[in-house]
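Read through the structure below, which is laid out as structure tokens, and then see the notes.
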Amino acid sequence: MRADCKDLVSRYWQAVRSDLQDPQADRIVEELSGAMWLELADQEEELGRDLTEDEVVARLKAEKHPLVVAAEQGPQISLIGPLLYPSYLRLLKWIGIASLVWLVVLGGFAIFVPSIQVKHPGLQYVEALRPAWEFAFSSFALLTAVFALLDRWKAKALGEWDPRKLPAVRTEAEVPRSSSLISLILNSILLLWWVGVFRAPTVAGWKVLLTPEVTRPFFWPIFGMLLVLVVVSAASILWPWRSRPLAGICLGIDLLGLILLFLVLLTGFQLPTLVEVKAPSSSPGDVAVVSRLMSVAALSAAMVGEVFFAYGIYQNARRIFRRSPHTLAP
Amino acid sequence: MNTVMKGQEGMDPKLLEDMLQEHHRANLALVVLAELRKEHCGYTLRKGLAAAYGMAIEDGTLYPLLRRLESKGLLESEWQEEGGRRKRAYRLSRMGKLFLKAFFSKIAVEVRHIHSLVEEFS
């Protein structure tokens, strides 16, 4: 074989070797390259001449890209396996939708709210969109890490299951009691926190409060909304079926919640910060950083609330407009 | 492979081809073990399977399978020198022979059933 053709083949297998992560990588590459040398020698014997460079290139291209060959020969590794991947993708889609909605809302604020344009001249769009990017990237990283860990533990978890513990068959009109219970607990905690009965744990010497510019105008509307949500969640535990009129009422409540949180976000984005941080013994720099982080956290929480309300609207709309109730029950 | 034989008119040749590929994939390990009663390197084994069964097996399928069967003790292999080049030669191990004997005696009833189906449909 011509020296330049030999060089091409050697380069190809060197590329495969560098991409192959396997304890037996040397053996694999030597075996595969040996098979290819034999094949090329057979071809030359059949033709009665040396292969041309074009013929060798065509043969190498038929062998697939070195990265593909390395992937096929090496162990099949994945961060999230096929079992959990559909659930991961579904949640990722929701994060994507939430981030997109947030980007649109923030973009709208950056364009139409004059105070943001004055505060960040020239960079107002990038600066104003930052919370959405932070939310998207941190949620993506957290979700991926959680699913990667779950994937490592799945074999054990899936080995021990009991068909009797599967959730009961329910119709589309039925709200799972477990989700109503979670909703009741979360909304009760939020309500107690909002009226000042319950305080979030804080570091000694630090005091973090929502700014009065948010609490003053929105105290009663948010109090009312949380109270209604607590009542609806408790009622849904006792009576989990949603008839069309009931679904209509719930849709109305979710719509009001969506509008209310939108107004909170609108107000929040016109303020320099959403929280007041009081820490007399700390430096102003530290206070500014904590203030910024807590402000982003408060905005993120409001945005998550928006997504929940939007999802509630979607679910109740499905219940209202369903053609006929279907069930898996015999 | 996509030729339509007599009596198969009106049938999608792609469907037959897909089902044959699936059948080959399912039986590949057995066919490889059976073929390695005689010593082969990967390259000659691939050529032999293509000639005998019409199976076009990619390297990405064949070599990992050979290593898997070897790690289970059904095959044994060694490096050999030929024409100044090293090649890995595989053959059925003693355990592999016992495995094939036990396996084929287990599926004897199934094979007889398949024979009757072949006679009925061919």
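Residues are named by chain letter and number: chains run A, B, ... in the order of the structure tokens, numbers start at 1 in each chain, and ligands are numbered from 1 in the order shown.
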
Return as a list in words the full set of residues in segment 106-281 of chain A whose backbone-based DSSP assignment is strand (DSSP E).
->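 Assigned to strand (DSSP E), within segment 106-281 of chain A: Lys207, Val208, Leu209, Leu210, Val275, Glu276, Val277 and Lys278 of chain A.
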
Chain A contacts to chain B at 6 Å (only C-alpha atoms) as a ChimeraX atom specification | /A:34-35,72-73

Can you tell me, as a VMD selection string, what residues are no more than 12 Å from segment 24-34 of chain B when counting only C-alpha atoms, ignoring any on the same chain fewer than 2 positions away?
-> chain B and resid 17 to 22 36 to 42 44 to 50 52 to 58 61 to 70 73 to 76 90 to 101 103 to 104

Near Val214 of chain A, within 12 Å and counting only C-alpha atoms, which residues show up once chain neighbours fewer than 4 positions away are dropped, as number ranges by chain?
-> A: 194, 209-210, 218-222, 260-261, 263-276, 295, 298-299

Keeping N, CA and C atoms for every residue in the selection just given, could you write it to a file as an mmCIF file, in the first residue's frame?
```
data_model
loop_
_atom_site.group_PDB
_atom_site.id
_atom_site.type_symbol
_atom_site.label_atom_id
_atom_site.label_comp_id
_atom_site.auth_asym_id
_atom_site.auth_seq_id
_atom_site.Cartn_x
_atom_site.Cartn_y
_atom_site.Cartn_z
ATOM 1 N N TRP A 194 -47.520 35.454 54.848
ATOM 2 C CA TRP A 194 -47.969 36.761 54.341
ATOM 3 C C TRP A 194 -48.549 37.639 55.458
ATOM 4 N N LEU A 209 -36.917 41.496 54.385
ATOM 5 C CA LEU A 209 -38.373 41.731 54.296
ATOM 6 C C LEU A 209 -38.725 42.185 52.888
ATOM 7 N N LEU A 210 -39.960 41.889 52.505
ATOM 8 C CA LEU A 210 -40.432 42.427 51.216
ATOM 9 C C LEU A 210 -40.582 43.941 51.359
ATOM 10 N N PHE A 218 -50.481 45.501 47.731
ATOM 11 C CA PHE A 218 -50.935 44.139 47.375
ATOM 12 C C PHE A 218 -51.310 43.290 48.584
ATOM 13 N N PHE A 219 -51.281 43.881 49.793
ATOM 14 C CA PHE A 219 -51.526 43.041 50.966
ATOM 15 C C PHE A 219 -52.882 42.351 50.901
ATOM 16 N N TRP A 220 -53.951 43.144 50.773
ATOM 17 C CA TRP A 220 -55.292 42.556 50.800
ATOM 18 C C TRP A 220 -55.591 41.691 49.577
ATOM 19 N N PRO A 221 -55.226 42.118 48.356
ATOM 20 C CA PRO A 221 -55.481 41.219 47.206
ATOM 21 C C PRO A 221 -54.787 39.867 47.356
ATOM 22 N N ILE A 222 -53.509 39.878 47.780
ATOM 23 C CA ILE A 222 -52.788 38.599 47.898
ATOM 24 C C ILE A 222 -53.345 37.780 49.067
ATOM 25 N N LEU A 260 -53.064 39.028 39.065
ATOM 26 C CA LEU A 260 -52.534 39.646 40.288
ATOM 27 C C LEU A 260 -51.006 39.528 40.345
ATOM 28 N N LEU A 261 -50.505 38.322 40.095
ATOM 29 C CA LEU A 261 -49.045 38.136 40.129
ATOM 30 C C LEU A 261 -48.363 38.920 39.012
ATOM 31 N N LEU A 263 -49.335 41.812 37.972
ATOM 32 C CA LEU A 263 -49.258 43.195 38.478
ATOM 33 C C LEU A 263 -48.125 43.327 39.504
ATOM 34 N N VAL A 264 -47.942 42.287 40.337
ATOM 35 C CA VAL A 264 -46.833 42.297 41.310
ATOM 36 C C VAL A 264 -45.497 42.361 40.560
ATOM 37 N N LEU A 265 -45.382 41.529 39.528
ATOM 38 C CA LEU A 265 -44.142 41.524 38.728
ATOM 39 C C LEU A 265 -43.911 42.883 38.070
ATOM 40 N N LEU A 266 -45.007 43.448 37.546
ATOM 41 C CA LEU A 266 -44.920 44.752 36.878
ATOM 42 C C LEU A 266 -44.411 45.812 37.852
ATOM 43 N N THR A 267 -44.948 45.790 39.086
ATOM 44 C CA THR A 267 -44.511 46.740 40.112
ATOM 45 C C THR A 267 -43.060 46.464 40.492
ATOM 46 N N GLY A 268 -42.760 45.173 40.690
ATOM 47 C CA GLY A 268 -41.406 44.775 41.121
ATOM 48 C C GLY A 268 -40.330 45.229 40.159
ATOM 49 N N PHE A 269 -40.636 45.171 38.869
ATOM 50 C CA PHE A 269 -39.613 45.535 37.886
ATOM 51 C C PHE A 269 -39.384 47.038 37.766
ATOM 52 N N GLN A 270 -40.279 47.808 38.372
ATOM 53 C CA GLN A 270 -40.062 49.252 38.356
ATOM 54 C C GLN A 270 -39.320 49.715 39.600
ATOM 55 N N LEU A 271 -39.113 48.782 40.527
ATOM 56 C CA LEU A 271 -38.420 49.116 41.776
ATOM 57 C C LEU A 271 -36.954 48.693 41.676
ATOM 58 N N PRO A 272 -36.061 49.400 42.395
ATOM 59 C CA PRO A 272 -34.658 48.983 42.365
ATOM 60 C C PRO A 272 -34.471 47.601 42.996
ATOM 61 N N THR A 273 -35.256 47.282 44.034
ATOM 62 C CA THR A 273 -35.175 45.956 44.654
ATOM 63 C C THR A 273 -36.527 45.588 45.239
ATOM 64 N N LEU A 274 -36.772 44.284 45.346
ATOM 65 C CA LEU A 274 -38.053 43.820 45.878
ATOM 66 C C LEU A 274 -37.986 43.576 47.373
ATOM 67 N N VAL A 275 -36.763 43.528 47.915
ATOM 68 C CA VAL A 275 -36.615 43.213 49.340
ATOM 69 C C VAL A 275 -35.812 44.299 50.054
ATOM 70 N N GLU A 276 -36.058 44.370 51.344
ATOM 71 C CA GLU A 276 -35.257 45.255 52.200
ATOM 72 C C GLU A 276 -34.376 44.366 53.065
ATOM 73 N N SER A 295 -33.912 39.420 45.838
ATOM 74 C CA SER A 295 -34.831 40.048 44.896
ATOM 75 C C SER A 295 -35.107 39.103 43.725
ATOM 76 N N ALA A 298 -37.305 36.312 44.921
ATOM 77 C CA ALA A 298 -38.712 36.725 45.041
ATOM 78 C C ALA A 298 -39.371 36.782 43.663
ATOM 79 N N LEU A 299 -38.631 37.314 42.694
ATOM 80 C CA LEU A 299 -39.175 37.377 41.325
ATOM 81 C C LEU A 299 -39.369 35.973 40.769
#
```

Please list as a compact mmCIF listing (two decimals) with N, CA and C atoms, in the first residue's frame every residue within 10 Å of Glu174 of chain A, counting only C-alpha atoms and excluding residues in the same chain fewer than 4 positions away.
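For reference, part-v7.txt as written:
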```
# COMPACT_ATOMS: atom_id res chain seq x y z
N VAL A 169 -57.48 4.51 39.67
CA VAL A 169 -57.91 5.00 38.36
C VAL A 169 -58.83 6.20 38.58
N ARG A 170 -58.59 7.28 37.85
CA ARG A 170 -59.44 8.45 38.01
C ARG A 170 -59.79 9.05 36.65
N SER A 236 -61.31 20.61 47.72
CA SER A 236 -60.98 19.60 46.70
C SER A 236 -60.58 18.27 47.33
N TRP A 239 -64.06 16.91 48.18
CA TRP A 239 -64.85 16.68 46.96
C TRP A 239 -63.92 16.85 45.74
N PRO A 240 -63.23 15.74 45.31
CA PRO A 240 -62.20 15.89 44.27
C PRO A 240 -62.73 15.99 42.84
N TRP A 241 -64.06 15.87 42.65
CA TRP A 241 -64.57 15.87 41.27
C TRP A 241 -64.90 17.29 40.81
N ARG A 242 -64.46 17.62 39.61
CA ARG A 242 -64.73 18.96 39.07
C ARG A 242 -65.76 18.87 37.95
N SER A 243 -66.96 19.33 38.25
CA SER A 243 -67.96 19.40 37.19
C SER A 243 -67.60 20.60 36.31
N ARG A 319 -60.98 20.51 31.35
CA ARG A 319 -62.14 19.90 32.01
C ARG A 319 -63.45 20.50 31.48
```

If you run DSSP over the backbone, which residues in segment 29-157 of chain A end up alpha helix (DSSP H)? Put them as a ChimeraX atom specification.
-> /A:29-47,53-62,66-73,85-112,114-119,124-157

Export C-alpha atoms of the chosen residues as a CSV table (one decimal), in the first residue's frame?
```csv
chain,number,residue,atom,x,y,z
A,29,VAL,CA,-8.4,-0.3,18.2
A,30,GLU,CA,-5.7,-2.8,17.4
A,31,GLU,CA,-8.3,-5.5,16.5
A,32,LEU,CA,-10.5,-3.2,14.4
A,33,SER,CA,-7.6,-1.6,12.6
A,34,GLY,CA,-6.1,-5.1,12.0
A,35,ALA,CA,-9.4,-6.1,10.4
A,36,MET,CA,-9.3,-3.0,8.2
A,37,TRP,CA,-5.7,-3.6,7.1
A,38,LEU,CA,-6.7,-7.2,6.1
A,39,GLU,CA,-9.6,-6.0,4.2
A,40,LEU,CA,-7.6,-3.4,2.3
A,41,ALA,CA,-4.9,-6.0,1.5
A,42,ASP,CA,-7.6,-8.3,0.2
A,43,GLN,CA,-8.9,-5.5,-2.0
A,44,GLU,CA,-5.5,-4.8,-3.4
A,45,GLU,CA,-4.9,-8.4,-4.1
A,46,GLU,CA,-8.2,-8.6,-6.0
A,47,LEU,CA,-7.5,-5.5,-8.0
A,53,GLU,CA,-6.0,7.7,-2.1
A,54,ASP,CA,-9.7,8.3,-3.2
A,55,GLU,CA,-10.5,4.6,-2.8
A,56,VAL,CA,-9.0,4.6,0.7
A,57,VAL,CA,-10.9,7.8,1.6
A,58,ALA,CA,-14.1,6.2,0.4
A,59,ARG,CA,-13.5,3.1,2.5
A,60,LEU,CA,-12.8,5.2,5.6
A,61,LYS,CA,-15.9,7.3,5.1
A,62,ALA,CA,-17.9,4.1,4.8
A,66,PRO,CA,-14.2,8.1,14.4
A,67,LEU,CA,-16.4,9.6,17.1
A,68,VAL,CA,-19.3,7.3,16.1
A,69,VAL,CA,-17.0,4.2,15.9
A,70,ALA,CA,-15.6,5.0,19.4
A,71,ALA,CA,-19.2,5.5,20.7
A,72,GLU,CA,-20.3,2.1,19.2
A,73,GLN,CA,-17.3,0.2,20.5
A,85,TYR,CA,-35.5,10.6,29.9
A,86,PRO,CA,-39.2,11.1,28.9
A,87,SER,CA,-40.0,12.5,32.4
A,88,TYR,CA,-36.9,14.7,32.3
A,89,LEU,CA,-37.8,16.0,28.9
A,90,ARG,CA,-41.3,16.8,30.0
A,91,LEU,CA,-40.2,18.8,33.0
A,92,LEU,CA,-37.5,20.5,30.9
A,93,LYS,CA,-40.2,21.5,28.5
A,94,TRP,CA,-42.1,23.2,31.3
A,95,ILE,CA,-39.0,25.0,32.4
A,96,GLY,CA,-38.4,26.1,28.8
A,97,ILE,CA,-42.0,27.4,28.6
A,98,ALA,CA,-41.7,29.2,31.9
A,99,SER,CA,-38.4,30.8,30.9
A,100,LEU,CA,-39.8,31.8,27.5
A,101,VAL,CA,-42.9,33.4,29.2
A,102,TRP,CA,-40.6,35.2,31.6
A,103,LEU,CA,-38.4,36.4,28.8
A,104,VAL,CA,-41.4,37.8,27.0
A,105,VAL,CA,-42.7,39.5,30.1
A,106,LEU,CA,-39.3,40.9,31.0
A,107,GLY,CA,-38.7,41.9,27.4
A,108,GLY,CA,-42.0,43.7,27.5
A,109,PHE,CA,-41.0,45.5,30.7
A,110,ALA,CA,-37.6,46.5,29.3
A,111,ILE,CA,-39.2,48.0,26.2
A,112,PHE,CA,-42.3,49.7,27.7
A,114,PRO,CA,-39.3,53.9,31.2
A,115,SER,CA,-37.7,53.5,34.6
A,116,ILE,CA,-35.8,50.4,33.5
A,117,GLN,CA,-34.5,52.2,30.4
A,118,VAL,CA,-33.4,55.1,32.5
A,119,LYS,CA,-31.7,52.9,35.1
A,124,GLN,CA,-31.5,47.7,29.6
A,125,TYR,CA,-32.5,44.6,27.7
A,126,VAL,CA,-29.6,42.4,28.8
A,127,GLU,CA,-29.8,43.6,32.4
A,128,ALA,CA,-33.6,43.3,32.5
A,129,LEU,CA,-33.6,39.8,31.1
A,130,ARG,CA,-31.0,38.5,33.5
A,131,PRO,CA,-33.5,37.0,36.0
A,132,ALA,CA,-35.0,34.9,33.3
A,133,TRP,CA,-31.6,33.5,32.2
A,134,GLU,CA,-30.7,32.9,35.7
A,135,PHE,CA,-33.9,31.0,36.3
A,136,ALA,CA,-33.6,29.0,33.1
A,137,PHE,CA,-29.9,27.9,33.7
A,138,SER,CA,-30.2,27.2,37.4
A,139,SER,CA,-33.5,25.2,36.9
A,140,PHE,CA,-31.9,23.3,34.0
A,141,ALA,CA,-28.8,22.5,36.0
A,142,LEU,CA,-30.7,21.5,39.1
A,143,LEU,CA,-33.2,19.3,37.2
A,144,THR,CA,-30.4,17.6,35.3
A,145,ALA,CA,-28.4,16.9,38.5
A,146,VAL,CA,-31.5,15.5,40.3
A,147,PHE,CA,-32.4,13.2,37.3
A,148,ALA,CA,-28.8,12.1,37.0
A,149,LEU,CA,-28.8,11.1,40.7
A,150,LEU,CA,-32.3,9.4,40.3
A,151,ASP,CA,-30.9,7.5,37.3
A,152,ARG,CA,-28.1,6.0,39.5
A,153,TRP,CA,-30.7,4.9,42.1
A,154,LYS,CA,-33.5,3.8,39.8
A,155,ALA,CA,-32.5,0.1,39.8
A,156,LYS,CA,-32.9,-0.2,43.5
A,157,ALA,CA,-36.1,1.9,43.6
```

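Proximity of A:Leu191, A:Val289, A:Ala173, A:Leu181 to Ala317 of chain A, computed with only C-alpha atoms, is greatest for A:Ala173.
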
So what do you get for atom CA of Thr52 of chain A versus atom CA of Ala51 of chain B, distance-wise?
-> 26.9 Å

Between atom CA of Ser179 of chain A and atom CA of Arg164 of chain A - distance in Å to one decimal = 19.6 Å

Which polymer residues have any atom within 12 Å of an atom of Gly248 of chain A, counting only C-alpha atoms, with same-chain residues fewer than 4 positions away left out, as a PyMOL selection string?
-> chain A and resi 242-244+252-255+312-321
